[in-house]
Amino acid sequence: MTRSSPLTPHPSPVIAIDGPSASGKGTVAERVAAALGFHFLDSGALYRLTALSAMKHGVALDDEAAVAALAAKLPATFRDGAVWLDEENVTDAIRAETVGEGASKVAALPAVRAALLDRQRAYRQAPGLVADGRDMGTVVFADAVAKVFLTASASARAERRYKQLIEKGNSANLPALVADMQARDARDTARAVAPLKPAADALLLDTTHMDIESAVLAVLAHYTLCMARSKQGN
Ligand code: C5P
C-alpha cells in the first residue's frame, strides 16, 4: 500500500467523519460523498457484519481469535444499495439493536480491528473517499485531508433514533434509548484500542441544534478550506 508523505499528498483525498452513534454522521457522510462524487465507507457496517457473522456461526463474541478470523474473511459485499453476506441480503438484519450491541463488543477486540484495517483502507480510491466511523481520523486514515468529529447531546441523539424507529412503525422507549446510547458511548470511549475520540486536528461539529443540510454545508466548507491549506503546503 502506498503511503503519502507531506511532500507527496495522496492522490485520493479522504474526509474522515467520526462521532458517537446517532450523531447523524452516517447521513451527513453519505450526502457529502454524493455532493463531491466521492466513494463512501460506512465502517460501522463492517463491525456489524462481523458481529452478525459470528452470531450466525455460533462464535462467542468475546472469542477474539475466532471473531478476528471471521472478520479477515468476511464474505461481505455492498451492491445495488444493499449489504450482502454471502448471498444473503442483510441490509436490515445488520441494523437490529442486538447486532449493533454485538458490533460494539467485537469492536473492542484489537485483533478484530486489525483484521478490518486493510479492507477499510482499500476503499480509498480516486476521486476520493468520505469515511464514517469512530477511528477514521485517528487510526484508519490518520492522514485524511479533512477530519470532522460530529457530536450531539445524548438526549438529542436518542430523540433522533426514537423518531426513526417510530417512523418505521417500530415501538420505542425514549429513556431506554438514552440509556443504551450512553452505555454504547461509554464502551466505545473507554476501550483500549482506537477509542472514540476526536483527532487532534478535527473540526468539532455539535449538531444538537443543527439540521442535516447545515451540517453537510459545514463539512463541505471545512473540506474546501483544508484542501486550500494542503495545496499551500501548510
Ligand atoms: O456506526 P455504527 O453504529 O454502525 O457502528 C456500530 C459499532 O461499531 C459502534 O457502536 C462501534 O462500537 C463500532 N465501530 C467502531 N469503529 C468504527 C465504526 C464502528 O468501533 N470505525
# chains A, B, ... in the order shown; residues from 1 in each chain; ligands from 1
>>> closest_atom_pairs(of="chain A", to="ligand 1", cutoff="8 Å", atoms="only C-alpha atoms and all ligand atoms", output="Markdown table")
| residue | atom | partner | partner_atom_place_in_ligand_line | distance |
| --- | --- | --- | --- | --- |
| A:Asp18 | CA | ligand 1 | 21 (N) | 7.6 |
| A:Pro20 | CA | ligand 1 | 1 (O) | 7.5 |
| A:Ser21 | CA | ligand 1 | 3 (O) | 5.0 |
| A:Ala22 | CA | ligand 1 | 3 (O) | 7.2 |
| A:Gly26 | CA | ligand 1 | 1 (O) | 7.4 |
| A:Asp42 | CA | ligand 1 | 1 (O) | 7.2 |
| A:Ser43 | CA | ligand 1 | 18 (C) | 4.8 |
| A:Gly44 | CA | ligand 1 | 19 (C) | 3.5 |
| A:Ala45 | CA | ligand 1 | 4 (O) | 5.3 |
| A:Leu46 | CA | ligand 1 | 18 (C) | 7.6 |
| A:Tyr47 | CA | ligand 1 | 8 (O) | 5.0 |
| A:Arg48 | CA | ligand 1 | 6 (C) | 5.8 |
| A:Arg95 | CA | ligand 1 | 4 (O) | 7.6 |
| A:Gly100 | CA | ligand 1 | 6 (C) | 5.2 |
| A:Glu101 | CA | ligand 1 | 10 (O) | 6.8 |
| A:Gly102 | CA | ligand 1 | 7 (C) | 7.9 |
| A:Ala103 | CA | ligand 1 | 7 (C) | 4.7 |
| A:Ser104 | CA | ligand 1 | 12 (O) | 3.2 |
| A:Lys105 | CA | ligand 1 | 12 (O) | 6.6 |
| A:Val106 | CA | ligand 1 | 12 (O) | 7.7 |
| A:Ala107 | CA | ligand 1 | 20 (O) | 4.5 |
| A:Ala108 | CA | ligand 1 | 20 (O) | 6.7 |
| A:Arg113 | CA | ligand 1 | 20 (O) | 7.8 |
| A:Asp132 | CA | ligand 1 | 21 (N) | 6.9 |
| A:Gly133 | CA | ligand 1 | 21 (N) | 3.7 |
| A:Arg134 | CA | ligand 1 | 21 (N) | 4.1 |
| A:Asp135 | CA | ligand 1 | 21 (N) | 4.9 |
| A:Met136 | CA | ligand 1 | 21 (N) | 6.0 |
| A:Arg184 | CA | ligand 1 | 10 (O) | 6.0 |
| A:Asp185 | CA | ligand 1 | 10 (O) | 7.4 |
| A:Arg187 | CA | ligand 1 | 12 (O) | 7.3 |
| A:Asp188 | CA | ligand 1 | 12 (O) | 5.3 |
| A:Ala194 | CA | ligand 1 | 20 (O) | 7.4 |
| A:Pro195 | CA | ligand 1 | 20 (O) | 7.5 |
| A:Leu196 | CA | ligand 1 | 20 (O) | 7.5 |
>>> residues_around(residues="Ala60 (chain A)", least_positions_apart="6", cutoff="12 Å", atoms="only C-alpha atoms", output="MDAnalysis selection string")
chainID A and resid 50:54 66:68 70 102 105:106
>>> residues_around(residues="region 197-214 of chain A", least_positions_apart="2", cutoff="10 Å", atoms="only C-alpha atoms", output="mmCIF file with all heavy atoms, in the first residue's frame")
data_model
loop_
_atom_site.group_PDB
_atom_site.id
_atom_site.type_symbol
_atom_site.label_atom_id
_atom_site.label_comp_id
_atom_site.auth_asym_id
_atom_site.auth_seq_id
_atom_site.Cartn_x
_atom_site.Cartn_y
_atom_site.Cartn_z
ATOM 1 N N ALA A 16 -12.570 12.325 6.787
ATOM 2 C CA ALA A 16 -12.877 11.393 7.885
ATOM 3 C C ALA A 16 -13.942 12.026 8.780
ATOM 4 O O ALA A 16 -13.763 13.137 9.272
ATOM 5 C CB ALA A 16 -11.617 11.130 8.687
ATOM 6 N N ILE A 17 -15.048 11.300 8.936
ATOM 7 C CA ILE A 17 -16.129 11.816 9.787
ATOM 8 C C ILE A 17 -16.372 10.815 10.914
ATOM 9 O O ILE A 17 -16.821 9.692 10.680
ATOM 10 C CB ILE A 17 -17.424 12.047 8.976
ATOM 11 C CG1 ILE A 17 -17.129 12.995 7.798
ATOM 12 C CG2 ILE A 17 -18.519 12.626 9.881
ATOM 13 C CD1 ILE A 17 -18.337 13.421 7.005
ATOM 14 N N ASP A 18 -16.007 11.215 12.125
ATOM 15 C CA ASP A 18 -16.175 10.340 13.289
ATOM 16 C C ASP A 18 -17.185 10.939 14.251
ATOM 17 O O ASP A 18 -17.503 12.126 14.181
ATOM 18 C CB ASP A 18 -14.831 10.165 13.994
ATOM 19 C CG ASP A 18 -13.858 9.339 13.172
ATOM 20 O OD1 ASP A 18 -14.219 8.201 12.806
ATOM 21 O OD2 ASP A 18 -12.748 9.829 12.873
ATOM 22 N N GLY A 19 -17.640 10.089 15.173
ATOM 23 C CA GLY A 19 -18.556 10.583 16.195
ATOM 24 C C GLY A 19 -19.337 9.444 16.820
ATOM 25 O O GLY A 19 -19.256 8.299 16.357
ATOM 26 N N PRO A 20 -20.072 9.735 17.876
ATOM 27 C CA PRO A 20 -20.838 8.696 18.558
ATOM 28 C C PRO A 20 -22.066 8.254 17.762
ATOM 29 O O PRO A 20 -22.416 8.878 16.747
ATOM 30 C CB PRO A 20 -21.263 9.372 19.863
ATOM 31 C CG PRO A 20 -21.276 10.826 19.545
ATOM 32 C CD PRO A 20 -20.214 11.047 18.514
ATOM 33 N N SER A 23 -25.275 10.368 15.881
ATOM 34 C CA SER A 23 -24.906 11.792 15.819
ATOM 35 C C SER A 23 -25.280 12.373 14.461
ATOM 36 O O SER A 23 -25.138 13.571 14.237
ATOM 37 C CB SER A 23 -23.406 11.964 16.068
ATOM 38 O OG SER A 23 -22.676 11.198 15.140
ATOM 39 N N GLY A 24 -25.723 11.512 13.537
ATOM 40 C CA GLY A 24 -26.103 11.971 12.206
ATOM 41 C C GLY A 24 -24.962 11.849 11.212
ATOM 42 O O GLY A 24 -25.094 12.204 10.051
ATOM 43 N N LYS A 25 -23.838 11.280 11.663
ATOM 44 C CA LYS A 25 -22.660 11.277 10.793
ATOM 45 C C LYS A 25 -22.846 10.416 9.541
ATOM 46 O O LYS A 25 -22.316 10.759 8.486
ATOM 47 C CB LYS A 25 -21.395 10.883 11.552
ATOM 48 C CG LYS A 25 -21.402 9.492 12.077
ATOM 49 C CD LYS A 25 -20.230 9.265 12.995
ATOM 50 C CE LYS A 25 -20.464 8.079 13.882
ATOM 51 N NZ LYS A 25 -21.096 6.896 13.301
ATOM 52 N N THR A 27 -25.614 9.896 7.722
ATOM 53 C CA THR A 27 -26.375 10.654 6.718
ATOM 54 C C THR A 27 -25.525 11.801 6.166
ATOM 55 O O THR A 27 -25.494 12.033 4.955
ATOM 56 C CB THR A 27 -27.654 11.243 7.369
ATOM 57 O OG1 THR A 27 -28.290 10.200 8.094
ATOM 58 C CG2 THR A 27 -28.589 11.808 6.345
ATOM 59 N N VAL A 28 -24.849 12.507 7.072
ATOM 60 C CA VAL A 28 -24.012 13.637 6.637
ATOM 61 C C VAL A 28 -22.912 13.119 5.700
ATOM 62 O O VAL A 28 -22.691 13.669 4.609
ATOM 63 C CB VAL A 28 -23.405 14.377 7.852
ATOM 64 C CG1 VAL A 28 -22.366 15.391 7.414
ATOM 65 C CG2 VAL A 28 -24.505 15.054 8.658
ATOM 66 N N ARG A 31 -24.184 12.197 2.240
ATOM 67 C CA ARG A 31 -24.544 13.370 1.418
ATOM 68 C C ARG A 31 -23.312 14.142 0.964
ATOM 69 O O ARG A 31 -23.284 14.673 -0.142
ATOM 70 C CB ARG A 31 -25.482 14.294 2.194
ATOM 71 C CG ARG A 31 -26.811 13.615 2.410
ATOM 72 C CD ARG A 31 -27.907 14.615 2.583
ATOM 73 N NE ARG A 31 -29.075 13.956 3.115
ATOM 74 C CZ ARG A 31 -30.153 14.569 3.532
ATOM 75 N NH1 ARG A 31 -30.217 15.880 3.497
ATOM 76 N NH2 ARG A 31 -31.172 13.885 3.999
ATOM 77 N N VAL A 32 -22.294 14.199 1.819
ATOM 78 C CA VAL A 32 -21.055 14.869 1.422
ATOM 79 C C VAL A 32 -20.416 14.082 0.270
ATOM 80 O O VAL A 32 -19.966 14.663 -0.727
ATOM 81 C CB VAL A 32 -20.081 14.999 2.620
ATOM 82 C CG1 VAL A 32 -18.695 15.443 2.166
ATOM 83 C CG2 VAL A 32 -20.640 15.978 3.656
ATOM 84 N N ARG A 134 -15.588 5.664 13.917
ATOM 85 C CA ARG A 134 -15.164 6.115 15.241
ATOM 86 C C ARG A 134 -13.686 6.485 15.245
ATOM 87 O O ARG A 134 -13.256 7.290 16.056
ATOM 88 C CB ARG A 134 -15.387 5.017 16.294
ATOM 89 C CG ARG A 134 -16.797 4.481 16.399
ATOM 90 C CD ARG A 134 -17.742 5.531 16.928
ATOM 91 N NE ARG A 134 -19.077 4.986 17.217
ATOM 92 C CZ ARG A 134 -19.956 4.593 16.311
ATOM 93 N NH1 ARG A 134 -19.664 4.665 15.036
ATOM 94 N NH2 ARG A 134 -21.134 4.131 16.665
ATOM 95 N N ASP A 135 -12.913 5.808 14.351
ATOM 96 C CA ASP A 135 -11.453 5.988 14.362
ATOM 97 C C ASP A 135 -10.922 6.294 12.970
ATOM 98 O O ASP A 135 -9.788 5.969 12.656
ATOM 99 C CB ASP A 135 -10.789 4.715 14.888
ATOM 100 C CG ASP A 135 -11.087 3.500 14.016
ATOM 101 O OD1 ASP A 135 -12.054 3.548 13.230
ATOM 102 O OD2 ASP A 135 -10.340 2.509 14.106
ATOM 103 N N MET A 136 -11.762 6.890 12.123
ATOM 104 C CA MET A 136 -11.319 7.188 10.750
ATOM 105 C C MET A 136 -10.178 8.217 10.772
ATOM 106 O O MET A 136 -9.163 8.050 10.104
ATOM 107 C CB MET A 136 -12.491 7.723 9.903
ATOM 108 C CG MET A 136 -13.655 6.761 9.756
ATOM 109 S SD MET A 136 -13.227 5.247 8.868
ATOM 110 C CE MET A 136 -12.942 4.120 10.199
ATOM 111 N N GLY A 137 -10.354 9.277 11.555
ATOM 112 C CA GLY A 137 -9.355 10.352 11.590
ATOM 113 C C GLY A 137 -8.174 10.063 12.502
ATOM 114 O O GLY A 137 -7.108 10.664 12.360
ATOM 115 N N THR A 138 -8.360 9.135 13.463
ATOM 116 C CA THR A 138 -7.279 8.880 14.420
ATOM 117 C C THR A 138 -6.393 7.700 14.010
ATOM 118 O O THR A 138 -5.205 7.683 14.302
ATOM 119 C CB THR A 138 -7.848 8.588 15.827
ATOM 120 O OG1 THR A 138 -8.869 7.587 15.688
ATOM 121 C CG2 THR A 138 -8.421 9.831 16.479
ATOM 122 N N VAL A 139 -6.976 6.683 13.353
ATOM 123 C CA VAL A 139 -6.218 5.460 13.063
ATOM 124 C C VAL A 139 -6.245 5.084 11.577
ATOM 125 O O VAL A 139 -5.205 5.025 10.921
ATOM 126 C CB VAL A 139 -6.772 4.257 13.884
ATOM 127 C CG1 VAL A 139 -6.044 2.968 13.532
ATOM 128 C CG2 VAL A 139 -6.688 4.530 15.378
ATOM 129 N N ALA A 142 -5.370 8.352 9.266
ATOM 130 C CA ALA A 142 -4.787 9.410 10.104
ATOM 131 C C ALA A 142 -4.260 10.553 9.240
ATOM 132 O O ALA A 142 -4.088 11.669 9.726
ATOM 133 C CB ALA A 142 -3.683 8.833 10.969
ATOM 134 N N ALA A 144 -5.902 11.782 6.644
ATOM 135 C CA ALA A 144 -7.038 12.377 5.919
ATOM 136 C C ALA A 144 -6.840 13.884 5.789
ATOM 137 O O ALA A 144 -6.355 14.531 6.724
ATOM 138 C CB ALA A 144 -8.338 12.090 6.666
ATOM 139 N N VAL A 145 -7.232 14.427 4.641
ATOM 140 C CA VAL A 145 -7.021 15.863 4.415
ATOM 141 C C VAL A 145 -7.973 16.688 5.280
ATOM 142 O O VAL A 145 -7.630 17.786 5.734
ATOM 143 C CB VAL A 145 -7.145 16.216 2.914
ATOM 144 C CG1 VAL A 145 -8.574 16.054 2.415
ATOM 145 C CG2 VAL A 145 -6.674 17.637 2.645
ATOM 146 N N ALA A 146 -9.168 16.149 5.540
ATOM 147 C CA ALA A 146 -10.139 16.878 6.373
ATOM 148 C C ALA A 146 -10.745 15.911 7.379
ATOM 149 O O ALA A 146 -11.126 14.789 7.028
ATOM 150 C CB ALA A 146 -11.234 17.484 5.504
ATOM 151 N N LYS A 147 -10.804 16.331 8.639
ATOM 152 C CA LYS A 147 -11.368 15.481 9.699
ATOM 153 C C LYS A 147 -12.450 16.254 10.439
ATOM 154 O O LYS A 147 -12.257 17.426 10.760
ATOM 155 C CB LYS A 147 -10.279 15.084 10.699
ATOM 156 C CG LYS A 147 -9.120 14.345 10.053
ATOM 157 C CD LYS A 147 -8.052 13.993 11.073
ATOM 158 C CE LYS A 147 -6.848 13.371 10.387
ATOM 159 N NZ LYS A 147 -5.771 13.053 11.321
ATOM 160 N N VAL A 148 -13.551 15.554 10.689
ATOM 161 C CA VAL A 148 -14.662 16.187 11.395
ATOM 162 C C VAL A 148 -15.114 15.242 12.497
ATOM 163 O O VAL A 148 -15.184 14.021 12.288
ATOM 164 C CB VAL A 148 -15.846 16.451 10.434
ATOM 165 C CG1 VAL A 148 -17.022 17.063 11.181
ATOM 166 C CG2 VAL A 148 -15.421 17.371 9.290
ATOM 167 N N PHE A 149 -15.364 15.772 13.669
ATOM 168 C CA PHE A 149 -15.925 14.973 14.762
ATOM 169 C C PHE A 149 -17.312 15.532 15.041
ATOM 170 O O PHE A 149 -17.468 16.671 15.491
ATOM 171 C CB PHE A 149 -15.040 15.061 16.003
ATOM 172 C CG PHE A 149 -15.368 14.031 17.047
ATOM 173 C CD1 PHE A 149 -14.880 12.735 16.951
ATOM 174 C CD2 PHE A 149 -16.181 14.352 18.129
ATOM 175 C CE1 PHE A 149 -15.182 11.777 17.915
ATOM 176 C CE2 PHE A 149 -16.485 13.397 19.092
ATOM 177 C CZ PHE A 149 -15.981 12.110 18.984
ATOM 178 N N LEU A 150 -18.324 14.719 14.699
ATOM 179 C CA LEU A 150 -19.715 15.164 14.801
ATOM 180 C C LEU A 150 -20.305 14.693 16.134
ATOM 181 O O LEU A 150 -20.259 13.503 16.429
ATOM 182 C CB LEU A 150 -20.477 14.498 13.656
ATOM 183 C CG LEU A 150 -21.513 15.318 12.918
ATOM 184 C CD1 LEU A 150 -20.825 16.389 12.099
ATOM 185 C CD2 LEU A 150 -22.295 14.419 11.980
ATOM 186 N N THR A 151 -20.847 15.603 16.890
ATOM 187 C CA THR A 151 -21.469 15.198 18.153
ATOM 188 C C THR A 151 -22.871 15.792 18.246
ATOM 189 O O THR A 151 -23.266 16.639 17.444
ATOM 190 C CB THR A 151 -20.698 15.711 19.392
ATOM 191 O OG1 THR A 151 -20.664 17.127 19.323
ATOM 192 C CG2 THR A 151 -19.319 15.158 19.464
ATOM 193 N N ALA A 152 -23.590 15.358 19.253
ATOM 194 C CA ALA A 152 -24.870 15.961 19.644
ATOM 195 C C ALA A 152 -25.111 15.421 21.034
ATOM 196 O O ALA A 152 -24.549 14.371 21.404
ATOM 197 C CB ALA A 152 -25.992 15.542 18.701
ATOM 198 N N SER A 153 -25.905 16.106 21.834
ATOM 199 C CA SER A 153 -26.138 15.638 23.201
ATOM 200 C C SER A 153 -26.789 14.248 23.156
ATOM 201 O O SER A 153 -27.465 13.902 22.166
ATOM 202 C CB SER A 153 -27.055 16.609 23.936
ATOM 203 O OG SER A 153 -28.342 16.553 23.361
ATOM 204 N N ALA A 154 -26.580 13.448 24.216
ATOM 205 C CA ALA A 154 -27.151 12.089 24.241
ATOM 206 C C ALA A 154 -28.667 12.153 24.095
ATOM 207 O O ALA A 154 -29.266 11.322 23.408
ATOM 208 C CB ALA A 154 -26.759 11.375 25.529
ATOM 209 N N SER A 155 -29.318 13.169 24.704
ATOM 210 C CA SER A 155 -30.780 13.215 24.600
ATOM 211 C C SER A 155 -31.212 13.575 23.183
ATOM 212 O O SER A 155 -32.180 13.008 22.661
ATOM 213 C CB SER A 155 -31.374 14.174 25.635
ATOM 214 O OG SER A 155 -30.833 15.446 25.470
ATOM 215 N N ALA A 156 -30.481 14.464 22.502
ATOM 216 C CA ALA A 156 -30.835 14.801 21.111
ATOM 217 C C ALA A 156 -30.658 13.575 20.217
ATOM 218 O O ALA A 156 -31.493 13.287 19.353
ATOM 219 C CB ALA A 156 -29.961 15.945 20.602
ATOM 220 N N ARG A 157 -29.595 12.805 20.460
ATOM 221 C CA ARG A 157 -29.347 11.616 19.631
ATOM 222 C C ARG A 157 -30.403 10.546 19.892
ATOM 223 O O ARG A 157 -30.886 9.895 18.961
ATOM 224 C CB ARG A 157 -27.935 11.080 19.891
ATOM 225 C CG ARG A 157 -26.875 12.026 19.342
ATOM 226 C CD ARG A 157 -25.479 11.492 19.471
ATOM 227 N NE ARG A 157 -24.966 11.559 20.820
ATOM 228 C CZ ARG A 157 -24.535 10.516 21.523
ATOM 229 N NH1 ARG A 157 -24.564 9.309 20.995
ATOM 230 N NH2 ARG A 157 -24.087 10.662 22.739
ATOM 231 N N ASP A 188 -17.425 2.544 23.737
ATOM 232 C CA ASP A 188 -16.592 2.995 22.612
ATOM 233 C C ASP A 188 -15.483 3.942 23.086
ATOM 234 O O ASP A 188 -14.391 3.951 22.532
ATOM 235 C CB ASP A 188 -17.454 3.725 21.560
ATOM 236 C CG ASP A 188 -18.335 2.769 20.751
ATOM 237 O OD1 ASP A 188 -18.127 1.542 20.860
ATOM 238 O OD2 ASP A 188 -19.221 3.253 20.028
ATOM 239 N N THR A 189 -15.790 4.752 24.108
ATOM 240 C CA THR A 189 -14.819 5.748 24.577
ATOM 241 C C THR A 189 -13.762 5.128 25.477
ATOM 242 O O THR A 189 -12.604 5.554 25.479
ATOM 243 C CB THR A 189 -15.558 6.866 25.359
ATOM 244 O OG1 THR A 189 -16.642 7.325 24.545
ATOM 245 C CG2 THR A 189 -14.653 8.046 25.657
ATOM 246 N N ALA A 190 -14.174 4.094 26.241
ATOM 247 C CA ALA A 190 -13.261 3.528 27.252
ATOM 248 C C ALA A 190 -12.352 2.438 26.714
ATOM 249 O O ALA A 190 -11.390 2.073 27.368
ATOM 250 C CB ALA A 190 -14.088 2.967 28.405
ATOM 251 N N ALA A 194 -8.102 2.129 19.702
ATOM 252 C CA ALA A 194 -8.873 3.042 18.851
ATOM 253 C C ALA A 194 -10.155 3.526 19.532
ATOM 254 O O ALA A 194 -11.251 3.365 18.994
ATOM 255 C CB ALA A 194 -9.193 2.364 17.513
ATOM 256 N N PRO A 195 -10.039 4.140 20.710
ATOM 257 C CA PRO A 195 -11.251 4.623 21.372
ATOM 258 C C PRO A 195 -11.887 5.778 20.605
ATOM 259 O O PRO A 195 -11.224 6.422 19.793
ATOM 260 C CB PRO A 195 -10.736 5.115 22.736
ATOM 261 C CG PRO A 195 -9.309 5.422 22.507
ATOM 262 C CD PRO A 195 -8.820 4.479 21.449
ATOM 263 N N VAL A 216 -24.017 19.278 6.533
ATOM 264 C CA VAL A 216 -23.374 18.915 5.262
ATOM 265 C C VAL A 216 -22.597 20.117 4.721
ATOM 266 O O VAL A 216 -21.432 19.997 4.318
ATOM 267 C CB VAL A 216 -24.443 18.454 4.225
ATOM 268 C CG1 VAL A 216 -23.843 18.322 2.828
ATOM 269 C CG2 VAL A 216 -25.061 17.129 4.666
ATOM 270 N N LEU A 217 -23.219 21.299 4.761
ATOM 271 C CA LEU A 217 -22.552 22.512 4.254
ATOM 272 C C LEU A 217 -21.307 22.832 5.078
ATOM 273 O O LEU A 217 -20.276 23.230 4.526
ATOM 274 C CB LEU A 217 -23.523 23.704 4.264
ATOM 275 C CG LEU A 217 -24.647 23.612 3.218
ATOM 276 C CD1 LEU A 217 -25.611 24.788 3.382
ATOM 277 C CD2 LEU A 217 -24.081 23.577 1.798
ATOM 278 N N ALA A 218 -21.388 22.630 6.389
ATOM 279 C CA ALA A 218 -20.235 22.910 7.255
ATOM 280 C C ALA A 218 -19.072 21.970 6.920
ATOM 281 O O ALA A 218 -17.910 22.394 6.887
ATOM 282 C CB ALA A 218 -20.634 22.777 8.720
ATOM 283 N N VAL A 219 -19.385 20.691 6.653
ATOM 284 C CA VAL A 219 -18.319 19.730 6.316
ATOM 285 C C VAL A 219 -17.709 20.084 4.961
ATOM 286 O O VAL A 219 -16.479 20.083 4.794
ATOM 287 C CB VAL A 219 -18.854 18.273 6.307
ATOM 288 C CG1 VAL A 219 -17.779 17.306 5.829
ATOM 289 C CG2 VAL A 219 -19.340 17.866 7.692
ATOM 290 N N LEU A 220 -18.554 20.438 3.994
ATOM 291 C CA LEU A 220 -18.038 20.795 2.661
ATOM 292 C C LEU A 220 -17.143 22.034 2.747
ATOM 293 O O LEU A 220 -16.088 22.096 2.112
ATOM 294 C CB LEU A 220 -19.203 21.035 1.683
ATOM 295 C CG LEU A 220 -19.946 19.764 1.232
ATOM 296 C CD1 LEU A 220 -21.223 20.131 0.461
ATOM 297 C CD2 LEU A 220 -19.056 18.874 0.367
ATOM 298 N N HIS A 222 -15.442 23.014 5.356
ATOM 299 C CA HIS A 222 -14.199 22.620 6.036
ATOM 300 C C HIS A 222 -13.263 21.908 5.060
ATOM 301 O O HIS A 222 -12.055 22.159 5.041
ATOM 302 C CB HIS A 222 -14.551 21.721 7.226
ATOM 303 C CG HIS A 222 -13.354 21.309 8.024
ATOM 304 N ND1 HIS A 222 -12.513 22.212 8.646
ATOM 305 C CD2 HIS A 222 -12.825 20.070 8.294
ATOM 306 C CE1 HIS A 222 -11.545 21.557 9.259
ATOM 307 N NE2 HIS A 222 -11.706 20.269 9.055
#
>>> select_by_dssp(residues="region 19-232 of chain A", states="alpha helix (DSSP H)", output="PyMOL selection string")
chain A and resi 25-36+43-57+64-72+97-106+110-121+154-167+174-190+212-231
>>> residues_around(residues="region 122-126 of chain A", least_positions_apart="4", cutoff="10 Å", atoms="only C-alpha atoms", output="list in words")
Met1, His10, Pro11, Ser12, Pro13, Val14, Gly37, Phe38, His39, Phe40, Leu41, Leu117, Asp118, Val130, Ala131 and Phe141 of chain A
>>> write_last_selection(atoms="C-alpha atoms", output="compact mmCIF listing (two decimals), in the first residue's frame")
# COMPACT_ATOMS: atom_id res chain seq x y z
CA MET A 1 0.00 0.00 0.00
CA HIS A 10 -2.12 11.12 -1.61
CA PRO A 11 -3.95 11.44 -4.96
CA SER A 12 -7.26 10.35 -3.42
CA PRO A 13 -8.25 12.72 -0.61
CA VAL A 14 -10.12 11.36 2.40
CA GLY A 37 -18.87 12.35 -6.30
CA PHE A 38 -16.61 10.52 -3.79
CA HIS A 39 -16.72 6.92 -2.60
CA PHE A 40 -18.32 6.27 0.78
CA LEU A 41 -17.24 3.91 3.56
CA LEU A 117 -7.84 -2.37 8.67
CA ASP A 118 -6.70 -3.17 5.11
CA VAL A 130 -15.71 10.01 2.69
CA ALA A 131 -15.24 7.57 5.60
CA PHE A 141 -7.00 7.43 7.73
>>> atom_distance(atom1="CA of Trp84 (chain A)", atom2="CA of Ala33 (chain A)")
21.5 Å
>>> closest_residue(among="A:Ala35, A:Ala29, A:Ala71, A:Leu61", to="Ala215 (chain A)", atoms="only C-alpha atoms")
A:Ala29
>>> select_by_dssp(residues="region 13-230 of chain A", states="strand (DSSP E)", output="ChimeraX atom specification")
/A:14-18,39-42,76-79,82-85,88-89,129-133,146-151,203-206
>>> atom_distance(atom1="CA of Leu109 (chain A)", atom2="CA of Thr91 (chain A)")
23.9 Å
